$ cat work-v7.tsv   # TSV, C-alpha atoms
chain	number	residue	atom	x	y	z
A	918	MET	CA	0.00	0.00	0.00
A	919	PRO	CA	1.25	3.57	-0.67
A	920	LYS	CA	2.93	5.56	2.06
A	921	VAL	CA	3.82	9.21	2.59
A	922	VAL	CA	7.39	8.99	1.33
A	923	ARG	CA	8.32	12.67	1.72
A	924	ALA	CA	6.76	15.89	2.95
A	925	GLY	CA	7.65	19.58	3.03
A	926	ALA	CA	6.21	22.71	4.63
A	927	VAL	CA	6.90	26.41	3.99
A	928	SER	CA	5.27	29.57	5.35
A	929	HIS	CA	5.92	33.17	4.29
A	930	VAL	CA	4.57	36.48	5.60
A	931	GLY	CA	3.73	37.69	2.07
A	932	ARG	CA	4.40	40.99	0.30
A	933	VAL	CA	2.34	43.32	2.49
A	934	ARG	CA	1.57	42.03	5.97
A	935	SER	CA	3.94	42.72	8.82
A	936	ASN	CA	3.39	39.47	10.71
A	937	ASN	CA	2.56	35.90	9.79
A	938	GLN	CA	-0.85	34.67	10.95
A	939	ASP	CA	-0.51	31.33	9.14
A	940	SER	CA	0.82	28.15	10.71
A	941	GLY	CA	1.55	24.72	9.32
A	942	PHE	CA	3.11	21.42	10.34
A	943	ILE	CA	4.23	18.05	9.10
A	944	GLY	CA	4.26	15.18	11.60
A	945	LYS	CA	5.05	11.54	11.21
A	946	HIS	CA	1.42	10.69	10.46
A	947	ILE	CA	-0.67	13.91	10.45
A	948	TYR	CA	-0.12	17.09	8.43
A	949	GLY	CA	-1.92	20.40	8.68
A	950	VAL	CA	-2.36	24.08	7.78
A	951	ALA	CA	-4.10	26.89	9.67
A	952	ASP	CA	-4.81	30.48	8.57
A	953	GLY	CA	-5.48	32.85	11.46
A	954	MET	CA	-7.95	35.73	11.44
A	955	GLY	CA	-8.78	38.49	13.88
A	956	GLY	CA	-6.09	41.09	13.34
A	957	HIS	CA	-2.57	41.42	14.70
A	958	ALA	CA	-3.76	40.84	18.24
A	959	GLY	CA	-5.32	37.48	17.46
A	960	GLY	CA	-4.82	35.79	14.09
A	961	ASP	CA	-1.32	34.52	14.80
A	962	VAL	CA	-2.35	33.48	18.30
A	963	ALA	CA	-5.31	31.47	17.04
A	964	SER	CA	-3.37	29.59	14.36
A	965	SER	CA	-0.49	28.96	16.79
A	966	ILE	CA	-2.78	27.53	19.47
A	967	ALA	CA	-4.46	25.31	16.89
A	968	VAL	CA	-1.33	23.99	15.18
A	969	LYS	CA	0.66	23.44	18.37
A	970	HIS	CA	-2.21	21.38	19.74
A	971	LEU	CA	-2.83	19.52	16.49
A	972	ALA	CA	0.84	18.67	16.09
A	973	GLU	CA	0.75	17.06	19.54
A	974	GLN	CA	-2.03	14.73	18.33
A	975	ASP	CA	0.26	13.08	15.74
A	976	GLN	CA	-0.65	9.39	15.73
A	977	ILE	CA	-1.61	6.40	13.60
A	978	PHE	CA	-5.31	5.57	13.33
A	979	ASP	CA	-6.45	1.96	12.97
A	980	THR	CA	-9.48	2.65	10.77
A	981	VAL	CA	-10.84	5.38	8.54
A	982	GLU	CA	-13.69	5.92	11.00
A	983	ASP	CA	-11.21	6.34	13.86
A	984	ALA	CA	-9.27	8.87	11.78
A	985	GLU	CA	-12.37	10.91	10.91
A	986	ARG	CA	-13.41	10.96	14.53
A	987	GLY	CA	-9.89	11.62	15.84
A	988	LEU	CA	-9.13	14.50	13.48
A	989	THR	CA	-12.51	16.09	14.17
A	990	GLU	CA	-12.02	15.80	17.93
A	991	ALA	CA	-8.55	17.35	17.62
A	992	LEU	CA	-10.02	20.35	15.81
A	993	LEU	CA	-12.80	20.74	18.37
A	994	GLU	CA	-10.23	20.61	21.19
A	995	ALA	CA	-8.22	23.32	19.42
A	996	ASN	CA	-11.42	25.32	19.17
A	997	GLN	CA	-11.89	25.05	22.93
A	998	LEU	CA	-8.31	26.15	23.60
A	999	ILE	CA	-8.83	29.25	21.47
A	1000	THR	CA	-12.10	29.99	23.27
A	1001	ASP	CA	-10.36	29.66	26.65
A	1002	ALA	CA	-7.68	32.11	25.55
A	1003	VAL	CA	-10.33	34.66	24.60
A	1004	ASP	CA	-12.12	34.18	27.93
A	1005	GLU	CA	-8.93	35.22	29.72
A	1006	ASN	CA	-7.94	38.02	27.33
A	1007	ALA	CA	-10.72	40.26	26.06
A	1008	GLU	CA	-8.42	41.82	23.46
A	1009	LEU	CA	-8.34	38.49	21.65
A	1010	ARG	CA	-12.09	38.46	21.16
A	1011	GLY	CA	-13.09	37.60	17.60
A	1012	MET	CA	-9.90	35.75	16.73
A	1013	GLY	CA	-10.17	32.49	14.87
A	1014	THR	CA	-8.45	30.24	12.38
A	1015	THR	CA	-9.15	27.94	9.49
A	1016	ALA	CA	-7.67	24.45	9.67
A	1017	ASP	CA	-7.04	21.48	7.40
A	1018	LEU	CA	-5.65	18.12	8.53
A	1019	ILE	CA	-4.74	15.02	6.50
A	1020	THR	CA	-3.54	11.55	7.42
A	1021	ARG	CA	-3.19	8.17	5.71
A	1022	VAL	CA	-5.05	5.08	6.91
A	1023	ASP	CA	-4.06	1.99	4.90
A	1024	ASP	CA	-4.99	2.84	1.30
A	1025	GLU	CA	-7.13	5.90	2.11
A	1026	MET	CA	-6.37	9.55	2.80
A	1027	VAL	CA	-8.57	11.08	5.50
A	1028	ILE	CA	-9.09	14.84	5.66
A	1029	ALA	CA	-10.71	17.15	8.22
A	1030	HIS	CA	-11.54	20.67	7.06
A	1031	ILE	CA	-12.96	23.94	8.35
A	1032	GLY	CA	-12.65	27.41	6.76
A	1033	ASP	CA	-11.23	28.44	3.39
A	1034	SER	CA	-7.78	26.89	3.46
A	1035	ARG	CA	-7.70	24.09	0.92
A	1036	VAL	CA	-6.57	20.53	0.23
A	1037	TYR	CA	-5.68	19.55	-3.34
A	1038	ARG	CA	-4.71	16.22	-4.92
A	1039	TYR	CA	-2.46	15.99	-7.99
A	1040	HIS	CA	-3.46	12.68	-9.58
A	1041	GLU	CA	-2.65	11.42	-13.09
A	1042	ASN	CA	-1.62	14.88	-14.33
A	1043	GLU	CA	-4.81	16.50	-13.01
A	1044	LEU	CA	-5.17	18.88	-10.05
A	1045	GLU	CA	-8.35	18.40	-8.02
A	1046	GLN	CA	-9.59	20.57	-5.17
A	1047	ILE	CA	-10.85	18.16	-2.53
A	1048	THR	CA	-12.22	20.51	0.12
A	1049	VAL	CA	-15.05	23.00	-0.32
A	1050	ASP	CA	-14.55	26.51	1.07
A	1051	HIS	CA	-16.73	27.47	4.01
A	1052	THR	CA	-17.50	30.94	2.67
A	1053	PHE	CA	-20.71	32.71	1.74
A	1054	VAL	CA	-19.34	33.29	-1.73
A	1055	GLN	CA	-19.02	29.51	-2.13
A	1056	ARG	CA	-22.67	29.29	-1.07
A	1057	LEU	CA	-23.51	31.69	-3.89
A	1058	VAL	CA	-21.58	29.47	-6.32
A	1059	ASP	CA	-23.34	26.35	-5.03
A	1060	ALA	CA	-26.69	28.10	-5.44
A	1061	GLY	CA	-25.83	29.02	-9.02
A	1062	ARG	CA	-25.95	32.74	-8.25
A	1063	ILE	CA	-22.40	33.40	-9.43
A	1064	THR	CA	-19.74	31.50	-11.35
A	1065	PRO	CA	-16.49	30.21	-9.83
A	1066	GLU	CA	-14.66	32.85	-11.90
A	1067	GLU	CA	-16.85	35.61	-10.42
A	1068	ALA	CA	-16.18	34.22	-6.93
A	1069	LEU	CA	-12.44	34.87	-7.37
A	1070	VAL	CA	-13.00	38.64	-7.55
A	1071	HIS	CA	-16.19	38.99	-5.50
A	1072	PRO	CA	-15.91	41.83	-2.92
A	1073	ARG	CA	-17.25	39.53	-0.15
A	1074	ARG	CA	-15.15	36.51	-1.04
A	1075	SER	CA	-13.42	36.56	2.37
A	1076	VAL	CA	-16.53	36.23	4.53
A	1077	LEU	CA	-16.12	32.90	6.33
A	1078	MET	CA	-19.01	30.74	7.49
A	1079	ARG	CA	-17.03	28.38	9.72
A	1080	VAL	CA	-13.79	28.78	11.68
A	1081	LEU	CA	-12.19	27.59	14.88
A	1082	GLY	CA	-12.46	30.32	17.50
A	1083	ASP	CA	-14.57	31.93	20.17
A	1084	VAL	CA	-17.45	32.41	17.73
A	1085	GLU	CA	-18.91	28.91	18.12
A	1086	THR	CA	-18.50	26.26	20.81
A	1087	SER	CA	-18.93	23.26	18.50
A	1088	PRO	CA	-18.29	24.18	14.86
A	1089	ASP	CA	-19.11	21.72	12.08
A	1090	VAL	CA	-16.04	20.00	10.65
A	1091	ASP	CA	-16.15	18.43	7.19
A	1092	THR	CA	-14.33	15.15	6.62
A	1093	TYR	CA	-13.34	13.54	3.32
A	1094	VAL	CA	-12.02	10.09	2.45
A	1095	VAL	CA	-10.07	9.76	-0.81
A	1096	PRO	CA	-8.09	6.78	-2.17
A	1097	ALA	CA	-4.34	6.90	-1.49
A	1098	VAL	CA	-2.62	6.22	-4.82
A	1099	GLU	CA	1.11	5.72	-5.30
A	1100	GLY	CA	2.62	8.67	-7.18
A	1101	ASP	CA	-0.02	11.19	-6.08
A	1102	ARG	CA	1.01	14.48	-4.57
A	1103	TRP	CA	-1.15	16.23	-1.99
A	1104	MET	CA	-1.07	19.91	-1.13
A	1105	LEU	CA	-2.55	21.79	1.82
A	1106	CYS	CA	-2.46	25.57	1.54
A	1107	SER	CA	-3.79	28.80	2.99
A	1108	ASP	CA	-5.72	31.13	0.73
A	1109	GLY	CA	-2.56	33.18	0.28
A	1110	LEU	CA	-1.66	30.67	-2.44
A	1111	ALA	CA	-5.08	29.65	-3.76
A	1112	SER	CA	-6.26	33.27	-4.18
A	1113	TYR	CA	-3.25	34.48	-6.17
A	1114	VAL	CA	-2.02	31.54	-8.26
A	1115	ASP	CA	-4.24	29.78	-10.77
A	1116	GLU	CA	-4.59	26.00	-10.62
A	1117	LYS	CA	-2.81	25.43	-13.93
A	1118	LYS	CA	0.41	26.95	-12.55
A	1119	ILE	CA	0.03	25.03	-9.28
A	1120	ALA	CA	-0.35	21.79	-11.26
A	1121	ASP	CA	2.75	22.60	-13.31
A	1122	VAL	CA	4.83	22.86	-10.13
A	1123	LEU	CA	3.38	19.71	-8.57
A	1124	ALA	CA	4.21	17.82	-11.76
A	1125	ARG	CA	7.93	18.55	-11.58
A	1126	THR	CA	10.57	15.99	-10.69
A	1127	VAL	CA	12.36	17.40	-7.65
A	1128	GLU	CA	14.82	16.43	-4.95
A	1129	SER	CA	12.44	17.14	-2.06
A	1130	SER	CA	8.87	18.13	-1.23
A	1131	ARG	CA	10.30	21.20	0.50
A	1132	GLU	CA	11.54	22.33	-2.93
A	1133	VAL	CA	8.01	21.98	-4.33
A	1134	ALA	CA	6.56	23.97	-1.41
A	1135	ASP	CA	9.23	26.66	-1.89
A	1136	ASP	CA	8.38	26.97	-5.58
A	1137	LEU	CA	4.66	27.29	-4.86
A	1138	VAL	CA	5.23	30.01	-2.27
A	1139	GLN	CA	7.51	31.82	-4.70
A	1140	LEU	CA	4.76	31.73	-7.33
A	1141	ALA	CA	2.42	33.50	-4.92
A	1142	LEU	CA	5.07	36.10	-4.07
A	1143	ASP	CA	5.84	36.67	-7.76
A	1144	ASN	CA	2.13	37.38	-8.25
A	1145	GLY	CA	2.32	40.02	-5.52
A	1146	ALA	CA	0.44	38.03	-2.87
A	1147	PRO	CA	-0.24	40.50	-0.03
A	1148	ASP	CA	-1.49	37.80	2.33
A	1149	ASN	CA	0.49	35.21	4.27
A	1150	VAL	CA	1.26	32.07	2.26
A	1151	THR	CA	1.60	28.58	3.74
A	1152	VAL	CA	2.01	25.33	1.81
A	1153	VAL	CA	2.37	21.71	2.93
A	1154	VAL	CA	3.18	19.13	0.23
A	1155	LEU	CA	3.07	15.32	0.57
A	1156	GLU	CA	4.09	12.63	-1.89
A	1157	LEU	CA	2.84	9.05	-1.86
A	1158	GLY	CA	5.03	6.14	-2.91
A	1159	ALA	CA	6.25	2.66	-2.07
A	1160	ARG	CA	9.45	3.55	-0.22
A	1161	PRO	CA	10.79	6.61	1.63
A	1162	LEU	CA	12.49	9.21	-0.58
A	1163	GLU	CA	13.80	11.39	2.25
A	1164	PRO	CA	13.94	11.29	6.07
A	1165	MET	CA	10.52	12.12	7.57
A	1166	ARG	CA	11.11	14.83	10.17
A	1167	SER	CA	8.41	16.66	12.10
A	1168	ARG	CA	8.34	20.39	11.40
A	1169	ILE	CA	6.24	23.42	12.38
A	1170	VAL	CA	6.27	26.60	10.27
A	1171	GLY	CA	4.71	30.05	10.44
A	1172	ALA	CA	3.39	31.68	13.61
A	1173	ALA	CA	3.34	28.41	15.53
A	1174	ALA	CA	7.12	28.05	15.08
A	1175	ASN	CA	7.60	30.90	17.55
A	1176	PRO	CA	8.22	30.04	21.22
A	1177	LEU	CA	5.20	29.95	23.52
A	1178	ARG	CA	5.69	32.90	25.85
A	1179	TYR	CA	2.19	33.46	27.20
A	1180	ALA	CA	1.03	31.54	30.24
A	1181	SER	CA	-2.62	31.35	31.18
A	1182	ARG	CA	-3.48	33.45	34.20
A	1183	ALA	CA	-6.19	31.03	35.29
A	1184	PRO	CA	-5.66	27.66	33.60
A	1185	ARG	CA	-8.71	25.40	33.57
A	1186	ARG	CA	-6.75	22.26	32.72
A	1187	PRO	CA	-3.29	21.23	33.94
A	1188	LYS	CA	-1.98	20.73	30.38
A	1189	ARG	CA	-3.20	24.02	29.08
A	1190	ILE	CA	-0.60	26.14	27.26
A	1191	LEU	CA	-1.35	29.46	25.57
A	1192	PRO	CA	1.07	31.64	23.60
A	1193	ASP	CA	1.64	35.23	24.66
A	1194	MET	CA	2.12	37.22	21.46
A	1195	LEU	CA	0.15	40.28	22.50
A	1196	GLN	CA	2.90	42.71	23.47
A	1197	SER	CA	4.87	42.31	20.24
A	1198	SER	CA	1.63	42.34	18.22
A	1199	ARG	CA	0.61	45.76	19.57
A	1200	ARG	CA	3.76	47.31	18.14
A	1201	LEU	CA	3.03	46.13	14.61
A	1202	ALA	CA	1.47	48.44	12.03
A	1203	GLN	CA	-2.28	47.98	11.80
A	1204	LEU	CA	-3.41	46.42	8.52
A	1205	PRO	CA	-7.05	45.63	7.83
A	1206	GLU	CA	-7.65	41.91	8.18
A	1207	ARG	CA	-8.67	40.23	4.96
A	1208	GLU	CA	-10.92	37.57	6.45
A	1209	GLU	CA	-14.01	38.08	8.53
A	1210	PHE	CA	-16.39	35.63	10.17
A	1211	VAL	CA	-20.16	35.94	10.04
A	1212	PRO	CA	-22.38	33.32	11.66
A	1213	PRO	CA	-24.06	31.31	8.89
A	1214	SER	CA	-27.66	32.42	8.45
A	1215	ASP	CA	-30.25	32.56	5.73
A	1216	GLU	CA	-30.60	36.28	6.40
A	1217	PHE	CA	-26.96	36.99	5.61
A	1218	LEU	CA	-27.03	34.73	2.57
A	1219	GLN	CA	-30.05	36.66	1.32
A	1220	GLN	CA	-28.16	39.89	1.98
A	1221	LEU	CA	-25.29	38.64	-0.18
A	1222	ILE	CA	-27.71	37.54	-2.89
A	1223	ASP	CA	-29.33	40.99	-2.84
A	1224	GLU	CA	-25.90	42.61	-2.99
A	1225	GLU	CA	-25.00	40.42	-5.96
A	1226	ARG	CA	-28.19	41.41	-7.75
A	1227	LYS	CA	-27.41	45.07	-7.17
A	1228	ARG	CA	-23.82	44.56	-8.33
A	1229	LYS	CA	-24.96	42.86	-11.53
A	1230	ARG	CA	-27.62	45.50	-12.13
A	1231	TRP	CA	-25.11	48.29	-11.52
A	1232	ARG	CA	-22.59	46.51	-13.74
A	1233	ARG	CA	-25.16	46.31	-16.55
A	1234	ILE	CA	-26.00	50.01	-16.11
A	1235	THR	CA	-22.31	50.93	-16.06
A	1236	TRP	CA	-21.54	48.85	-19.14
A	1237	SER	CA	-24.57	50.22	-20.98
A	1238	ALA	CA	-23.69	53.80	-20.09
A	1239	GLY	CA	-20.07	53.18	-21.09
A	1240	LEU	CA	-21.17	51.67	-24.39
A	1241	LEU	CA	-23.46	54.63	-25.10
A	1242	ILE	CA	-20.68	57.07	-24.28
A	1243	LEU	CA	-18.27	55.16	-26.52
A	1244	LEU	CA	-20.78	55.12	-29.36
A	1245	ALA	CA	-21.41	58.84	-28.87
A	1246	VAL	CA	-17.68	59.55	-28.97
A	1247	ILE	CA	-17.28	57.45	-32.11
A	1248	ALA	CA	-20.26	59.13	-33.75
A	1249	GLY	CA	-18.99	62.57	-32.77
A	1250	ALA	CA	-15.54	61.79	-34.08
A	1251	ALA	CA	-17.02	60.46	-37.32
A	1252	MET	CA	-19.11	63.61	-37.75
A	1253	LEU	CA	-16.11	65.84	-37.14
A	1254	MET	CA	-14.05	63.79	-39.56
A	1255	TYR	CA	-16.77	63.95	-42.20
A	1256	ALA	CA	-17.14	67.69	-41.70
A	1257	TRP	CA	-13.39	68.10	-42.17
A	1258	THR	CA	-13.43	66.05	-45.39
A	1259	GLN	CA	-16.15	68.27	-46.83
A	1260	GLN	CA	-13.88	71.28	-46.43
A	1261	GLN	CA	-11.31	69.66	-48.71
A	1262	TYR	CA	-11.22	69.74	-52.53
A	1263	TYR	CA	-9.31	68.02	-55.29
A	1264	VAL	CA	-9.04	68.00	-59.07
A	1265	GLY	CA	-9.44	64.65	-60.76
A	1266	THR	CA	-11.18	62.94	-63.63
A	1267	TYR	CA	-14.84	62.38	-64.32
A	1268	GLY	CA	-15.21	60.12	-67.30
A	1269	GLU	CA	-12.84	61.53	-69.92
A	1270	HIS	CA	-12.85	65.09	-68.58
A	1271	VAL	CA	-11.29	67.07	-65.76
A	1272	ALA	CA	-13.57	67.70	-62.76
A	1273	VAL	CA	-13.47	69.41	-59.35
A	1274	TYR	CA	-14.48	67.33	-56.33
A	1275	GLN	CA	-15.49	68.30	-52.82
A	1276	GLY	CA	-14.21	65.97	-50.09
A	1277	VAL	CA	-11.41	63.43	-50.07
A	1278	GLN	CA	-10.89	60.45	-52.33
A	1279	ALA	CA	-11.91	57.75	-49.85
A	1280	THR	CA	-14.90	55.80	-48.58
A	1281	LEU	CA	-16.21	55.09	-45.09
A	1282	GLY	CA	-17.90	51.75	-45.50
A	1283	PRO	CA	-20.59	52.35	-48.14
A	1284	ILE	CA	-20.28	56.14	-47.81
A	1285	GLU	CA	-18.34	58.06	-50.46
A	1286	LEU	CA	-16.45	60.95	-48.92
A	1287	SER	CA	-16.32	63.03	-52.10
A	1288	SER	CA	-18.65	64.24	-54.86
A	1289	VAL	CA	-18.29	66.16	-58.16
A	1290	ILE	CA	-19.18	69.84	-57.81
A	1291	GLU	CA	-17.84	71.05	-61.15
A	1292	GLU	CA	-17.47	69.03	-64.36
A	1293	THR	CA	-15.32	70.83	-66.96
A	1294	GLN	CA	-15.08	70.43	-70.71
A	1295	ILE	CA	-11.33	69.80	-70.55
A	1296	PRO	CA	-10.54	66.45	-72.18
A	1297	ILE	CA	-7.87	64.55	-70.30
A	1298	GLU	CA	-6.24	63.49	-73.53
A	1299	GLU	CA	-5.68	67.14	-74.55
A	1300	LEU	CA	-3.41	67.77	-71.55
A	1301	PRO	CA	0.37	67.32	-71.60
A	1302	ALA	CA	1.43	63.83	-70.40
A	1303	TYR	CA	2.80	65.07	-67.05
A	1304	GLN	CA	-0.44	66.95	-66.23
A	1305	GLN	CA	-2.52	63.94	-67.32
A	1306	MET	CA	-0.65	61.81	-64.79
A	1307	GLN	CA	-1.18	64.39	-62.01
A	1308	VAL	CA	-4.90	64.79	-62.66
A	1309	ARG	CA	-5.49	61.03	-62.88
A	1310	SER	CA	-3.72	60.69	-59.48
A	1311	THR	CA	-5.84	63.65	-58.16
A	1312	ILE	CA	-4.48	66.98	-56.96
A	1313	PRO	CA	-5.75	68.09	-53.48
A	1314	PHE	CA	-6.47	71.70	-52.48
A	1315	PRO	CA	-7.51	73.32	-49.19
A	1316	THR	CA	-10.05	75.65	-50.89
A	1317	LEU	CA	-12.41	75.63	-53.85
A	1318	GLU	CA	-10.72	78.77	-55.21
A	1319	ASP	CA	-7.37	77.01	-55.42
A	1320	ALA	CA	-8.94	74.08	-57.28
A	1321	GLN	CA	-10.68	76.42	-59.75
A	1322	ALA	CA	-7.43	78.30	-60.33
A	1323	LEU	CA	-5.81	75.04	-61.42
A	1324	VAL	CA	-8.71	74.33	-63.77
A	1325	GLU	CA	-8.12	77.68	-65.47
A	1326	ARG	CA	-4.44	76.82	-65.99
A	1327	LEU	CA	-5.42	73.42	-67.38
A	1328	GLU	CA	-7.80	75.10	-69.84
A	1329	ASP	CA	-4.91	77.22	-71.08
A	1330	ALA	CA	-2.73	74.14	-71.38
A	1331	ALA	CA	-5.40	72.31	-73.35
A	1332	ASP	CA	-6.07	75.44	-75.41
A	1333	ILE	CA	-9.83	75.34	-74.68
A	1334	ASN	CA	-11.65	78.47	-75.98

$ encode --input "work-v7.tsv" --output "structure tokens"
Amino acid sequence: MPKVVRAGAVSHVGRVRSNNQDSGFIGKHIYGVADGMGGHAGGDVASSIAVKHLAEQDQIFDTVEDAERGLTEALLEANQLITDAVDENAELRGMGTTADLITRVDDEMVIAHIGDSRVYRYHENELEQITVDHTFVQRLVDAGRITPEEALVHPRRSVLMRVLGDVETSPDVDTYVVPAVEGDRWMLCSDGLASYVDEKKIADVLARTVESSREVADDLVQLALDNGAPDNVTVVVLELGARPLEPMRSRIVGAAANPLRYASRAPRRPKRILPDMLQSSRRLAQLPEREEFVPPSDEFLQQLIDEERKRKRWRRITWSAGLLILLAVIAGAAMLMYAWTQQQYYVGTYGEHVAVYQGVQATLGPIELSSVIEETQIPIEELPAYQQMQVRSTIPFPTLEDAQALVERLEDAADIN
């Protein structure tokens, strides 16, 4: 049966943020990613609490059912730890974190998921998103209100429906069971990657032959940075095979890699450990947090649907107004151009005689931009060869008087009485 033969984890603060609120880990049997939310005073704390606890739960499960239950319980315990931290520190209120866990049980991969971090599988040259985002925008996609492409740029795409945190005592955790296939690569990532790098480019990186999974994770993070990712970026990559390709070492990255310096003032359990990151967090520049949590409700979903209707209606009005303005500009420019052409004159031929035209020798679609205003009795053949060539090629003039003056000279040349 396939095994996890190598794994890598990388976390980066991103191009804009001043601290990393993501955390990730690779254990011997369990692997995970968490993306904190709640501002500088809480997001990094929440993901750190979650990942440090989850990493301690690293174990082998006997059955798929045990793994689903065990991973879910681990996430709910992390949720309680975050809630306890908020109870003791009011300034942490509202903090939370997404979380994704994955482990192998025999020939199955078992996943536990909450939030909008993602788990992908690269299988037979195809990249597949396994988890479904717990966002209201995803609800709109599921309801057919917007397309997945529209969801990528929707102004409310960061509103989360489910997170670990002090917002809910027993949040719903989704679990997935997917076959473990030799040669597959699995990726867990925060939305700092998924929101700024398209899946085709992610698949291209996962398809490469490399020396280590850490190299793959590095390349994916670099892709996000090259695309200007302002958010934190965390990636965990696993590869399945028959025999180990590199030593499997446990590793924690991101905010959770920092030492735990905050001790609970009133611990409720002997084993409780909470990180103190508040003092250093206060000194950091305040950036608006990208994610926000709103309790899932039909009322808020309806609000988003109404907003989407207004956005589409406003977009139609804007596009229609823009189109009308563009057409008006084109029509105005065409009218000005036509008016200019009708102030021009040239001498040319009309049948076998010399004639004076108003306009320019051109057409605009089916519209002729010139017309004969004076047909003379000067035969072309009576003119000297050089003047015949000039008249046949047309001779432009800025005024009618100039054109008529040439006609008089041509009459003399042709000796017309």

$ closest_residue --input "work-v7.tsv" --among "A:Met918, A:Ile1047, A:Val981, A:Ala1141" --to "A:Ala1111" --atoms "all atoms listed in the file"
A:Ala1141

$ atom_distance --input "work-v7.tsv" --atom1 "atom CA of A:Asp1136" --atom2 "atom CA of A:Gly925"
11.4 Å

$ residues_around --input "work-v7.tsv" --residues "A:Val1080" --least-positions-apart "5" --cutoff "8 Å" --atoms "only C-alpha atoms" --output "list of chain:residue names"
A:Gly1013, A:Thr1014, A:Thr1015, A:Ala1016, A:Ile1031, A:Gly1032, A:Pro1088, A:Phe1210

$ write_last_selection --input "work-v7.tsv" --atoms "C-alpha atoms" --output "PDB file, keeping the file's coordinate frame"
ATOM      1  CA  GLY A1013     -10.170  32.490  14.870  1.00  0.00           C
ATOM      2  CA  THR A1014      -8.450  30.240  12.380  1.00  0.00           C
ATOM      3  CA  THR A1015      -9.150  27.940   9.490  1.00  0.00           C
ATOM      4  CA  ALA A1016      -7.670  24.450   9.670  1.00  0.00           C
ATOM      5  CA  ILE A1031     -12.960  23.940   8.350  1.00  0.00           C
ATOM      6  CA  GLY A1032     -12.650  27.410   6.760  1.00  0.00           C
ATOM      7  CA  PRO A1088     -18.290  24.180  14.860  1.00  0.00           C
ATOM      8  CA  PHE A1210     -16.390  35.630  10.170  1.00  0.00           C
TER       9      PHE A1210
END

$ atom_distance --input "work-v7.tsv" --atom1 "atom CA of A:Phe978" --atom2 "atom CA of A:Gly1100"
22.2 Å

$ closest_residue --input "work-v7.tsv" --among "A:Asn1042, A:Thr1266, A:Ser928, A:Gln1294" --to "A:Leu1110" --atoms "only C-alpha atoms"
A:Ser928

$ atom_distance --input "work-v7.tsv" --atom1 "atom CA of A:Ala1002" --atom2 "atom CA of A:Ala1172"
16.3 Å

$ residues_around --input "work-v7.tsv" --residues "A:Glu1025" --least-positions-apart "6" --cutoff "8 Å" --atoms "all atoms listed in the file" --output "PDB file with C-alpha atoms, in the coordinates of the input"
ATOM      1  CA  VAL A 981     -10.840   5.380   8.540  1.00  0.00           C
ATOM      2  CA  VAL A1094     -12.020  10.090   2.450  1.00  0.00           C
ATOM      3  CA  VAL A1095     -10.070   9.760  -0.810  1.00  0.00           C
ATOM      4  CA  PRO A1096      -8.090   6.780  -2.170  1.00  0.00           C
ATOM      5  CA  ALA A1097      -4.340   6.900  -1.490  1.00  0.00           C
TER       6      ALA A1097
END

$ residues_around --input "work-v7.tsv" --residues "A:Met1012" --least-positions-apart "2" --cutoff "8 Å" --atoms "only C-alpha atoms" --output "PDB file with C-alpha atoms, in the frame of the given file"
ATOM      1  CA  GLY A 953      -5.480  32.850  11.460  1.00  0.00           C
ATOM      2  CA  MET A 954      -7.950  35.730  11.440  1.00  0.00           C
ATOM      3  CA  GLY A 955      -8.780  38.490  13.880  1.00  0.00           C
ATOM      4  CA  GLY A 956      -6.090  41.090  13.340  1.00  0.00           C
ATOM      5  CA  GLY A 959      -5.320  37.480  17.460  1.00  0.00           C
ATOM      6  CA  GLY A 960      -4.820  35.790  14.090  1.00  0.00           C
ATOM      7  CA  ALA A 963      -5.310  31.470  17.040  1.00  0.00           C
ATOM      8  CA  VAL A1003     -10.330  34.660  24.600  1.00  0.00           C
ATOM      9  CA  LEU A1009      -8.340  38.490  21.650  1.00  0.00           C
ATOM     10  CA  ARG A1010     -12.090  38.460  21.160  1.00  0.00           C
ATOM     11  CA  THR A1014      -8.450  30.240  12.380  1.00  0.00           C
ATOM     12  CA  GLY A1082     -12.460  30.320  17.500  1.00  0.00           C
ATOM     13  CA  ASP A1083     -14.570  31.930  20.170  1.00  0.00           C
TER      14      ASP A1083
END

$ residues_around --input "work-v7.tsv" --residues "A:Arg1038" --least-positions-apart "5" --cutoff "8 Å" --atoms "only C-alpha atoms" --output "list in words"
Leu1044, Glu1045, Gln1046, Ile1047, Asp1101, Arg1102, Trp1103 and Met1104 of chain A

$ residues_around --input "work-v7.tsv" --residues "A:Gln976" --least-positions-apart "6" --cutoff "8 Å" --atoms "all atoms listed in the file" --output "ChimeraX atom specification"
/A:945-947

$ residues_near_point --input "work-v7.tsv" --point "(-14.9, 18.0, 16.7)" --cutoff "8 Å" --atoms "all atoms listed in the file" --output "list in words"
Arg986, Leu988, Thr989, Glu990, Ala991, Leu992, Leu993, Glu994, Ser1087, Pro1088, Asp1089 and Val1090 of chain A

$ write_last_selection --input "work-v7.tsv" --atoms "C-alpha atoms" --output "PDB file, in the frame of the given file"
ATOM      1  CA  ARG A 986     -13.410  10.960  14.530  1.00  0.00           C
ATOM      2  CA  LEU A 988      -9.130  14.500  13.480  1.00  0.00           C
ATOM      3  CA  THR A 989     -12.510  16.090  14.170  1.00  0.00           C
ATOM      4  CA  GLU A 990     -12.020  15.800  17.930  1.00  0.00           C
ATOM      5  CA  ALA A 991      -8.550  17.350  17.620  1.00  0.00           C
ATOM      6  CA  LEU A 992     -10.020  20.350  15.810  1.00  0.00           C
ATOM      7  CA  LEU A 993     -12.800  20.740  18.370  1.00  0.00           C
ATOM      8  CA  GLU A 994     -10.230  20.610  21.190  1.00  0.00           C
ATOM      9  CA  SER A1087     -18.930  23.260  18.500  1.00  0.00           C
ATOM     10  CA  PRO A1088     -18.290  24.180  14.860  1.00  0.00           C
ATOM     11  CA  ASP A1089     -19.110  21.720  12.080  1.00  0.00           C
ATOM     12  CA  VAL A1090     -16.040  20.000  10.650  1.00  0.00           C
TER      13      VAL A1090
END
